[in-house]
$ cat my_file_5.cif   # mmCIF, C-alpha atoms (C1' of nucleotides)
data_upload
#
loop_
_atom_site.label_atom_id
_atom_site.label_comp_id
_atom_site.auth_asym_id
_atom_site.auth_seq_id
_atom_site.Cartn_x
_atom_site.Cartn_y
_atom_site.Cartn_z
CA MET A 1 -22.63 -10.88 6.88
CA PRO A 2 -20.30 -12.27 4.20
CA ASP A 3 -21.10 -15.78 3.00
CA ASP A 4 -18.83 -18.78 3.44
CA ASP A 5 -16.65 -17.66 0.56
CA GLY A 6 -16.18 -14.18 2.02
CA HIS A 7 -18.43 -12.34 -0.42
CA PRO A 8 -19.81 -9.17 1.18
CA THR A 9 -23.34 -8.03 0.40
CA PRO A 10 -23.58 -4.71 -1.45
CA ALA A 11 -24.52 -3.00 1.81
CA GLU A 12 -21.40 -4.39 3.44
CA MET A 13 -19.07 -3.17 0.71
CA ASP A 14 -16.73 -0.47 1.98
CA LEU A 15 -15.51 2.21 -0.39
CA ARG A 16 -12.09 2.42 1.23
CA THR A 17 -11.64 -1.34 1.00
CA VAL A 18 -12.66 -1.23 -2.65
CA LEU A 19 -10.29 1.63 -3.40
CA HIS A 20 -7.47 -0.22 -1.68
CA ALA A 21 -8.22 -3.31 -3.73
CA LEU A 22 -8.10 -1.25 -6.91
CA ALA A 23 -4.90 0.57 -5.96
CA ASP A 24 -2.76 -2.44 -6.86
CA PRO A 25 -1.84 -2.43 -10.56
CA LEU A 26 -2.38 -6.17 -11.00
CA ARG A 27 -5.81 -6.11 -9.46
CA PHE A 28 -6.73 -2.96 -11.34
CA GLY A 29 -5.71 -4.71 -14.53
CA VAL A 30 -7.93 -7.70 -13.80
CA ILE A 31 -10.98 -5.52 -13.25
CA ALA A 32 -10.18 -3.47 -16.34
CA GLN A 33 -9.88 -6.69 -18.34
CA PHE A 34 -13.26 -7.88 -17.08
CA LEU A 35 -14.78 -4.62 -18.26
CA ARG A 36 -13.56 -5.34 -21.80
CA GLU A 37 -15.37 -8.69 -21.82
CA PRO A 38 -19.08 -9.51 -21.95
CA ALA A 39 -20.90 -8.60 -18.74
CA ASP A 40 -21.55 -12.21 -17.78
CA ALA A 41 -18.03 -13.43 -18.53
CA GLU A 42 -16.70 -16.07 -16.14
CA ARG A 43 -12.94 -16.38 -16.05
CA THR A 44 -10.48 -18.60 -14.26
CA CYS A 45 -7.65 -17.00 -12.30
CA ALA A 46 -5.21 -18.46 -14.80
CA TYR A 47 -6.97 -16.67 -17.65
CA PHE A 48 -5.37 -13.35 -16.76
CA GLU A 49 -1.82 -14.73 -16.80
CA LEU A 50 -0.58 -12.46 -14.04
CA PRO A 51 3.22 -12.27 -13.95
CA VAL A 52 3.34 -13.67 -10.43
CA SER A 53 3.21 -17.09 -8.80
CA LYS A 54 0.06 -19.15 -8.37
CA SER A 55 -0.16 -18.40 -4.66
CA THR A 56 0.19 -14.66 -5.24
CA THR A 57 -2.51 -14.79 -7.90
CA SER A 58 -4.77 -16.54 -5.41
CA HIS A 59 -3.99 -13.84 -2.85
CA HIS A 60 -4.99 -11.02 -5.22
CA PHE A 61 -8.25 -12.73 -6.11
CA LYS A 62 -8.98 -13.13 -2.43
CA VAL A 63 -8.51 -9.40 -1.87
CA MET A 64 -10.86 -8.61 -4.75
CA ARG A 65 -13.37 -11.16 -3.56
CA GLU A 66 -13.43 -9.84 0.01
CA ALA A 67 -13.75 -6.28 -1.24
CA GLY A 68 -16.81 -7.32 -3.24
CA LEU A 69 -15.38 -6.69 -6.69
CA ILE A 70 -15.68 -10.26 -7.94
CA ARG A 71 -17.60 -13.39 -7.07
CA MET A 72 -15.96 -16.81 -7.12
CA ILE A 73 -18.06 -19.64 -8.47
CA ASP A 74 -17.24 -23.23 -7.65
CA HIS A 75 -17.27 -25.55 -10.64
CA GLY A 76 -15.92 -28.65 -8.99
CA ASN A 77 -12.31 -29.00 -9.96
CA SER A 78 -11.98 -25.40 -11.07
CA ARG A 79 -13.28 -22.04 -9.97
CA THR A 80 -14.23 -19.05 -12.05
CA ALA A 81 -14.47 -15.41 -11.15
CA ILE A 82 -17.16 -13.05 -12.34
CA LEU A 83 -17.24 -9.27 -12.00
CA ARG A 84 -20.11 -8.17 -9.73
CA ARG A 85 -21.04 -5.52 -12.24
CA GLY A 86 -24.68 -4.92 -11.38
CA GLU A 87 -24.14 -4.85 -7.65
CA LEU A 88 -21.14 -2.55 -7.95
CA ASP A 89 -23.00 -0.17 -10.26
CA GLU A 90 -25.77 0.01 -7.72
CA ARG A 91 -23.56 0.38 -4.64
CA PHE A 92 -20.87 2.65 -6.18
CA PRO A 93 -22.46 4.22 -9.25
CA GLY A 94 -19.89 5.44 -11.74
CA LEU A 95 -16.93 3.58 -10.28
CA LEU A 96 -16.69 0.88 -12.94
CA ASP A 97 -17.27 3.49 -15.63
CA LEU A 98 -14.17 5.32 -14.45
CA ILE A 99 -12.08 2.18 -14.79
CA ALA A 100 -13.58 1.31 -18.15
CA ALA A 101 -12.77 4.80 -19.45
CA ASP A 102 -9.16 4.57 -18.30
CA MET B 1 3.70 18.74 -17.53
CA PRO B 2 3.19 19.40 -13.84
CA ASP B 3 3.93 22.92 -12.70
CA ASP B 4 6.65 23.90 -10.23
CA ASP B 5 4.55 22.73 -7.32
CA GLY B 6 3.91 19.33 -8.87
CA HIS B 7 0.29 19.90 -9.82
CA PRO B 8 -0.69 17.69 -12.75
CA THR B 9 -3.07 18.97 -15.40
CA PRO B 10 -6.40 17.12 -15.61
CA ALA B 11 -5.12 15.24 -18.67
CA GLU B 12 -2.08 14.11 -16.71
CA MET B 13 -4.08 12.78 -13.80
CA ASP B 14 -3.81 9.02 -13.52
CA LEU B 15 -6.70 7.02 -12.11
CA ARG B 16 -4.45 4.48 -10.45
CA THR B 17 -2.43 7.22 -8.77
CA VAL B 18 -5.63 8.87 -7.58
CA LEU B 19 -6.98 5.58 -6.23
CA HIS B 20 -3.72 4.95 -4.42
CA ALA B 21 -3.87 8.42 -2.89
CA LEU B 22 -7.42 7.76 -1.71
CA ALA B 23 -6.62 4.30 -0.33
CA ASP B 24 -4.98 5.77 2.77
CA PRO B 25 -7.55 6.45 5.52
CA LEU B 26 -6.02 9.79 6.52
CA ARG B 27 -5.97 11.11 2.97
CA PHE B 28 -9.44 9.76 2.31
CA GLY B 29 -10.61 11.59 5.41
CA VAL B 30 -9.13 14.89 4.23
CA ILE B 31 -10.90 14.67 0.88
CA ALA B 32 -14.14 13.64 2.58
CA GLN B 33 -13.81 16.62 4.92
CA PHE B 34 -13.28 18.97 1.97
CA LEU B 35 -16.49 17.65 0.43
CA ARG B 36 -18.41 18.69 3.55
CA GLU B 37 -17.17 22.27 3.22
CA PRO B 38 -18.04 24.99 0.69
CA ALA B 39 -16.67 24.23 -2.76
CA ASP B 40 -14.16 27.07 -2.66
CA ALA B 41 -12.92 26.34 0.86
CA GLU B 42 -9.19 26.91 1.37
CA ARG B 43 -7.73 25.08 4.33
CA THR B 44 -4.30 24.91 5.92
CA CYS B 45 -2.75 21.50 6.55
CA ALA B 46 -3.08 22.13 10.27
CA TYR B 47 -6.83 22.60 9.90
CA PHE B 48 -7.45 18.87 9.62
CA GLU B 49 -5.57 18.04 12.81
CA LEU B 50 -4.30 14.71 11.55
CA PRO B 51 -3.07 12.49 14.40
CA VAL B 52 0.45 12.36 12.96
CA SER B 53 3.53 14.54 13.01
CA LYS B 54 3.99 17.69 10.96
CA SER B 55 6.32 15.99 8.51
CA THR B 56 3.90 13.11 7.97
CA THR B 57 1.08 15.56 7.38
CA SER B 58 3.22 17.32 4.80
CA HIS B 59 3.93 13.96 3.15
CA HIS B 60 0.23 13.12 2.81
CA PHE B 61 -0.57 16.50 1.31
CA LYS B 62 2.25 16.02 -1.15
CA VAL B 63 0.77 12.68 -2.26
CA MET B 64 -2.65 14.28 -2.73
CA ARG B 65 -1.13 17.24 -4.54
CA GLU B 66 0.87 15.10 -6.96
CA ALA B 67 -2.16 12.91 -7.64
CA GLY B 68 -4.10 16.04 -8.55
CA LEU B 69 -6.65 15.88 -5.75
CA ILE B 70 -5.74 19.19 -4.17
CA ARG B 71 -4.00 22.38 -5.16
CA MET B 72 -1.62 24.17 -2.80
CA ILE B 73 -1.80 27.95 -2.81
CA ASP B 74 1.07 30.04 -1.52
CA HIS B 75 0.05 32.85 0.82
CA GLY B 76 3.45 34.00 1.92
CA ASN B 77 4.10 32.61 5.36
CA SER B 78 1.39 30.00 5.08
CA ARG B 79 -0.07 27.74 2.44
CA THR B 80 -3.61 26.60 1.94
CA ALA B 81 -5.00 23.60 0.14
CA ILE B 82 -8.09 23.59 -2.03
CA LEU B 83 -9.93 20.60 -3.46
CA ARG B 84 -9.72 20.58 -7.27
CA ARG B 85 -13.41 19.83 -7.42
CA GLY B 86 -14.28 21.05 -10.89
CA GLU B 87 -11.25 19.52 -12.56
CA LEU B 88 -11.76 16.20 -10.81
CA ASP B 89 -15.45 16.11 -11.70
CA GLU B 90 -14.50 16.67 -15.30
CA ARG B 91 -11.63 14.19 -15.41
CA PHE B 92 -13.15 11.47 -13.20
CA PRO B 93 -16.91 12.09 -13.23
CA GLY B 94 -18.65 10.54 -10.25
CA LEU B 95 -15.54 9.91 -8.19
CA LEU B 96 -16.03 12.71 -5.68
CA ASP B 97 -19.72 11.86 -5.48
CA LEU B 98 -18.79 8.37 -4.32
CA ILE B 99 -16.64 9.79 -1.54
CA ALA B 100 -19.25 12.35 -0.56
CA ALA B 101 -21.89 9.62 -0.31
CA ASP B 102 -19.71 7.46 1.91
"C1'" DG C 1 18.13 41.13 14.07
"C1'" DG C 2 15.69 37.58 16.48
"C1'" DG C 3 11.97 34.50 17.28
"C1'" DA C 4 7.69 32.15 16.24
"C1'" DA C 5 4.50 29.87 12.90
"C1'" DG C 6 3.64 27.04 8.95
"C1'" DG C 7 5.64 23.80 5.51
"C1'" DT C 8 9.19 21.21 3.20
"C1'" DA C 9 13.22 17.93 2.60
"C1'" DC C 10 16.05 14.29 4.15
"C1'" DG C 11 17.39 10.07 6.63
"C1'" DA C 12 16.07 6.32 9.46
"C1'" DT C 13 12.74 3.06 11.40
"C1'" DG C 14 8.80 -0.17 11.79
"C1'" DC C 15 4.94 -2.34 10.08
"C1'" DA C 16 1.76 -3.65 6.39
"C1'" DA C 17 1.41 -5.85 2.07
"C1'" DG C 18 3.11 -8.19 -2.11
"C1'" DT C 19 5.62 -12.21 -3.25
"C1'" DA C 20 7.13 -17.05 -3.65
"C1'" DG C 21 7.67 -21.98 -2.44
"C1'" DA C 22 5.85 -26.09 -0.51
"C1'" DA C 23 2.09 -28.88 1.04
"C1'" DC C 24 -2.59 -29.91 0.44
"C1'" DC C 25 -7.34 -30.39 -1.56
"C1'" DT C 26 -10.80 -31.43 -5.19
"C1'" DG C 27 -12.52 -33.20 -9.44
"C1'" DA C 28 -11.55 -34.82 -14.28
"C1'" DG C 29 -9.60 -38.25 -17.04
"C1'" DC C 30 -6.84 -42.23 -18.09
"C1'" DG D 1 -5.84 -46.66 -8.54
"C1'" DC D 2 -2.88 -42.91 -10.43
"C1'" DT D 3 -1.82 -38.46 -12.40
"C1'" DC D 4 -2.67 -33.89 -13.68
"C1'" DA D 5 -4.77 -29.22 -13.52
"C1'" DG D 6 -6.52 -25.46 -10.97
"C1'" DG D 7 -6.83 -23.11 -6.34
"C1'" DT D 8 -6.10 -22.55 -1.48
"C1'" DT D 9 -3.43 -22.18 2.73
"C1'" DC D 10 0.65 -21.70 5.42
"C1'" DT D 11 5.09 -19.86 6.30
"C1'" DA D 12 8.78 -16.99 5.27
"C1'" DC D 13 11.08 -13.28 2.80
"C1'" DT D 14 11.33 -8.70 0.93
"C1'" DT D 15 9.67 -4.57 -0.73
"C1'" DG D 16 7.03 -0.43 -0.12
"C1'" DC D 17 4.95 2.95 2.52
"C1'" DA D 18 3.57 5.44 6.63
"C1'" DT D 19 5.80 7.48 10.34
"C1'" DC D 20 8.94 10.33 12.95
"C1'" DG D 21 12.81 13.48 14.26
"C1'" DT D 22 15.76 16.79 12.75
"C1'" DA D 23 17.25 20.41 10.02
"C1'" DC D 24 16.04 24.00 6.99
"C1'" DC D 25 13.30 27.62 4.53
"C1'" DT D 26 10.05 31.62 4.23
"C1'" DT D 27 7.20 35.13 6.07
"C1'" DC D 28 5.30 37.85 9.78
"C1'" DC D 29 5.84 40.45 13.93
"C1'" DC D 30 8.18 42.38 17.80
#
$ encode --input "my_file_5.cif" --output "structure tokens"
Amino acid sequence: MPDDDGHPTPAEMDLRTVLHALADPLRFGVIAQFLREPADAERTCAYFELPVSKSTTSHHFKVMREAGLIRMIDHGNSRTAILRRGELDERFPGLLDLIAAD
Amino acid sequence: MPDDDGHPTPAEMDLRTVLHALADPLRFGVIAQFLREPADAERTCAYFELPVSKSTTSHHFKVMREAGLIRMIDHGNSRTAILRRGELDERFPGLLDLIAAD
DNA sequence: GGGAAGGTACGATGCAAGTAGAACCTGAGC
DNA sequence: GCTCAGGTTCTACTTGCATCGTACCTTCCC
């Protein structure tokens, strides 16, 4: 069962949901950007400077979070996102490599 | 350049376009079904018995064809589709394995 | 030639999803 | 206390996409 923040466990991750999350160019770009950073990089939503409003940015991060791509970490007055690299590599081996090679 | 039937070469295949093609449950199901059949299996559109109209079925096969997932082969009065397994494995290694494991 | 089968192309429709604005929340800092 | 920054949620709008019906094409067979 997903936790209070809607993070699925690796076993709960659904390939179709993940593919749908990655099908959007903005979300794909965020994941691709994460893959160019250190593996443990934590980034705020604002870091990616998506060309959309704040609420739309929040919506996209929610989709990625609920698909299992990223994990949101509460830091008090701000939140950071981190790519769930290890869990994704285990659950969907090769998927992140495809994005990184793109 | 794609040929007259809109088949991209492996180099022209775009990961985002492929992911978008796979994000639809009907199209995902067709590819998953292909992966359960012999590698050289040729199938008509009607074979998959999608729960949609003939024109919608044709639309979905067009999306998969233009993404590079399948190749349409003209047999005169009928056409068959074949999964571009080898080319996809080469261009996006691991992708079909993820679908097959789902 | 005529009809049936298998696909494609076009136009129209309906719903899902991306988008934005406003209100709200929380914690940091003055 | 107040303000600001960063995110979330809600509602509403708008775009995109799946869907369908119709018309059309090609080949096979009678």
$ closest_atom_pairs --input "my_file_5.cif" --of "stretch 23-62 of chain B" --to "stretch 8-18 of chain D" --cutoff "10 Å" --atoms "only C-alpha atoms (C1' of nucleotides)" --output "tab-separated table"
residue	atom	partner	partner_atom	distance
B:Asp24	CA	D:DA18	C1'	9.4
B:Val52	CA	D:DA18	C1'	9.9
B:Thr56	CA	D:DA18	C1'	7.8
B:His59	CA	D:DA18	C1'	9.2
B:His60	CA	D:DA18	C1'	9.2
$ resolve_selection --input "my_file_5.cif" --expression "the PyMOL selection byres ((chain B) within 8 of (chain A))" --output "list in words"
Leu15, Arg16, Thr17, Leu19, His20, Leu22, Ala23, Asp24, Pro25, Phe28, Phe92, Pro93, Gly94, Leu95, Leu98, Ile99 and Asp102 of chain B
$ write_last_selection --input "my_file_5.cif" --atoms "C-alpha atoms" --output "PDB file, in the coordinates of the input"
ATOM      1  CA  LEU B  15      -6.700   7.020 -12.110  1.00  0.00           C
ATOM      2  CA  ARG B  16      -4.450   4.480 -10.450  1.00  0.00           C
ATOM      3  CA  THR B  17      -2.430   7.220  -8.770  1.00  0.00           C
ATOM      4  CA  LEU B  19      -6.980   5.580  -6.230  1.00  0.00           C
ATOM      5  CA  HIS B  20      -3.720   4.950  -4.420  1.00  0.00           C
ATOM      6  CA  LEU B  22      -7.420   7.760  -1.710  1.00  0.00           C
ATOM      7  CA  ALA B  23      -6.620   4.300  -0.330  1.00  0.00           C
ATOM      8  CA  ASP B  24      -4.980   5.770   2.770  1.00  0.00           C
ATOM      9  CA  PRO B  25      -7.550   6.450   5.520  1.00  0.00           C
ATOM     10  CA  PHE B  28      -9.440   9.760   2.310  1.00  0.00           C
ATOM     11  CA  PHE B  92     -13.150  11.470 -13.200  1.00  0.00           C
ATOM     12  CA  PRO B  93     -16.910  12.090 -13.230  1.00  0.00           C
ATOM     13  CA  GLY B  94     -18.650  10.540 -10.250  1.00  0.00           C
ATOM     14  CA  LEU B  95     -15.540   9.910  -8.190  1.00  0.00           C
ATOM     15  CA  LEU B  98     -18.790   8.370  -4.320  1.00  0.00           C
ATOM     16  CA  ILE B  99     -16.640   9.790  -1.540  1.00  0.00           C
ATOM     17  CA  ASP B 102     -19.710   7.460   1.910  1.00  0.00           C
TER      18      ASP B 102
END
$ resolve_selection --input "my_file_5.cif" --expression "the PyMOL selection byres ((chain C) within 9 of (chain A))" --output "ChimeraX atom specification"
/C:18-21,26-28
$ atom_distance --input "my_file_5.cif" --atom1 "atom CA of B:Val63" --atom2 "atom C1' of D:DC28"
28.3 Å
$ atom_distance --input "my_file_5.cif" --atom1 "atom CA of A:Asp89" --atom2 "atom CA of A:Asp5"
21.5 Å
$ closest_residue --input "my_file_5.cif" --among "A:Lys62, A:Arg36, A:Arg27, A:Arg84" --to "chain D" --atoms "all atoms listed in the file"
A:Lys62
$ atom_distance --input "my_file_5.cif" --atom1 "atom CA of A:Phe61" --atom2 "atom CA of A:Phe34"
13.0 Å
$ closest_residue --input "my_file_5.cif" --among "D:DT19, D:DG6, D:DC24, D:DC30" --to "chain B" --atoms "all atoms listed in the file"
D:DT19
$ resolve_selection --input "my_file_5.cif" --expression "the PyMOL selection byres ((chain B and resi 70) around 6)" --output "list in words"
Met64, Arg65, Gly68, Leu69, Arg71, Ile82, Leu83 and Arg84 of chain B
$ closest_residue --input "my_file_5.cif" --among "D:DC20, D:DC2, D:DT26, D:DG7" --to "chain A" --atoms "all atoms listed in the file"
D:DG7
$ residues_around --input "my_file_5.cif" --residues "D:DC29" --least-positions-apart "4" --cutoff "12 Å" --atoms "only C-alpha atoms (C1' of nucleotides)" --output "VMD selection string"
(chain B and resid 77) or (chain C and resid 2 to 5)
$ residues_around --input "my_file_5.cif" --residues "A:Thr44" --least-positions-apart "5" --cutoff "7 Å" --atoms "all atoms listed in the file" --output "list in words"
Arg79, Thr80 and Ala81 of chain A
$ decode --input "my_file_5.cif" --residues "stretch 21-41 of chain A" --atoms "N, CA and C atoms" --output "JSON list (two decimals), in the first residue's frame"
[["chain", "number", "residue", "atom", "x", "y", "z"],
["A", 21, "ALA", "N", 3.49, 8.04, -17.27],
["A", 21, "ALA", "CA", 4.14, 9.17, -16.62],
["A", 21, "ALA", "C", 5.30, 9.68, -17.47],
["A", 22, "LEU", "N", 5.98, 8.79, -18.13],
["A", 22, "LEU", "CA", 7.14, 9.18, -18.94],
["A", 22, "LEU", "C", 6.75, 9.69, -20.32],
["A", 23, "ALA", "N", 5.51, 9.49, -20.72],
["A", 23, "ALA", "CA", 5.09, 9.87, -22.06],
["A", 23, "ALA", "C", 4.97, 11.37, -22.21],
["A", 24, "ASP", "N", 4.81, 12.09, -21.11],
["A", 24, "ASP", "CA", 4.73, 13.55, -21.18],
["A", 24, "ASP", "C", 6.13, 14.14, -21.31],
["A", 25, "PRO", "N", 6.33, 15.05, -22.25],
["A", 25, "PRO", "CA", 7.68, 15.58, -22.49],
["A", 25, "PRO", "C", 8.28, 16.31, -21.29],
["A", 26, "LEU", "N", 7.45, 17.02, -20.53],
["A", 26, "LEU", "CA", 7.98, 17.71, -19.35],
["A", 26, "LEU", "C", 8.47, 16.73, -18.30],
["A", 27, "ARG", "N", 7.65, 15.72, -18.05],
["A", 27, "ARG", "CA", 8.04, 14.75, -17.04],
["A", 27, "ARG", "C", 9.25, 13.95, -17.51],
["A", 28, "PHE", "N", 9.25, 13.58, -18.77],
["A", 28, "PHE", "CA", 10.41, 12.87, -19.32],
["A", 28, "PHE", "C", 11.67, 13.70, -19.13],
["A", 29, "GLY", "N", 11.55, 14.99, -19.37],
["A", 29, "GLY", "CA", 12.70, 15.87, -19.22],
["A", 29, "GLY", "C", 13.21, 15.94, -17.79],
["A", 30, "VAL", "N", 12.31, 15.91, -16.83],
["A", 30, "VAL", "CA", 12.72, 15.94, -15.43],
["A", 30, "VAL", "C", 13.51, 14.68, -15.08],
["A", 31, "ILE", "N", 12.99, 13.53, -15.49],
["A", 31, "ILE", "CA", 13.70, 12.28, -15.19],
["A", 31, "ILE", "C", 15.05, 12.26, -15.91],
["A", 32, "ALA", "N", 15.07, 12.71, -17.15],
["A", 32, "ALA", "CA", 16.33, 12.74, -17.89],
["A", 32, "ALA", "C", 17.34, 13.65, -17.21],
["A", 33, "GLN", "N", 16.85, 14.78, -16.68],
["A", 33, "GLN", "CA", 17.73, 15.71, -15.97],
["A", 33, "GLN", "C", 18.29, 15.06, -14.70],
["A", 34, "PHE", "N", 17.45, 14.35, -13.99],
["A", 34, "PHE", "CA", 17.91, 13.66, -12.78],
["A", 34, "PHE", "C", 19.04, 12.69, -13.12],
["A", 35, "LEU", "N", 18.91, 12.05, -14.28],
["A", 35, "LEU", "CA", 19.90, 11.04, -14.65],
["A", 35, "LEU", "C", 21.24, 11.67, -15.03],
["A", 36, "ARG", "N", 21.25, 12.99, -15.23],
["A", 36, "ARG", "CA", 22.52, 13.67, -15.53],
["A", 36, "ARG", "C", 23.17, 14.19, -14.26],
["A", 37, "GLU", "N", 22.49, 14.03, -13.13],
["A", 37, "GLU", "CA", 23.00, 14.53, -11.86],
["A", 37, "GLU", "C", 23.51, 13.35, -11.02],
["A", 38, "PRO", "N", 24.18, 13.65, -9.92],
["A", 38, "PRO", "CA", 24.62, 12.55, -9.03],
["A", 38, "PRO", "C", 23.43, 11.72, -8.58],
["A", 39, "ALA", "N", 23.66, 10.46, -8.30],
["A", 39, "ALA", "CA", 22.58, 9.52, -8.01],
["A", 39, "ALA", "C", 21.76, 9.93, -6.79],
["A", 40, "ASP", "N", 22.39, 10.61, -5.84],
["A", 40, "ASP", "CA", 21.67, 10.96, -4.62],
["A", 40, "ASP", "C", 21.18, 12.41, -4.64],
["A", 41, "ALA", "N", 21.11, 13.00, -5.82],
["A", 41, "ALA", "CA", 20.74, 14.41, -5.92],
["A", 41, "ALA", "C", 19.30, 14.65, -5.48]]
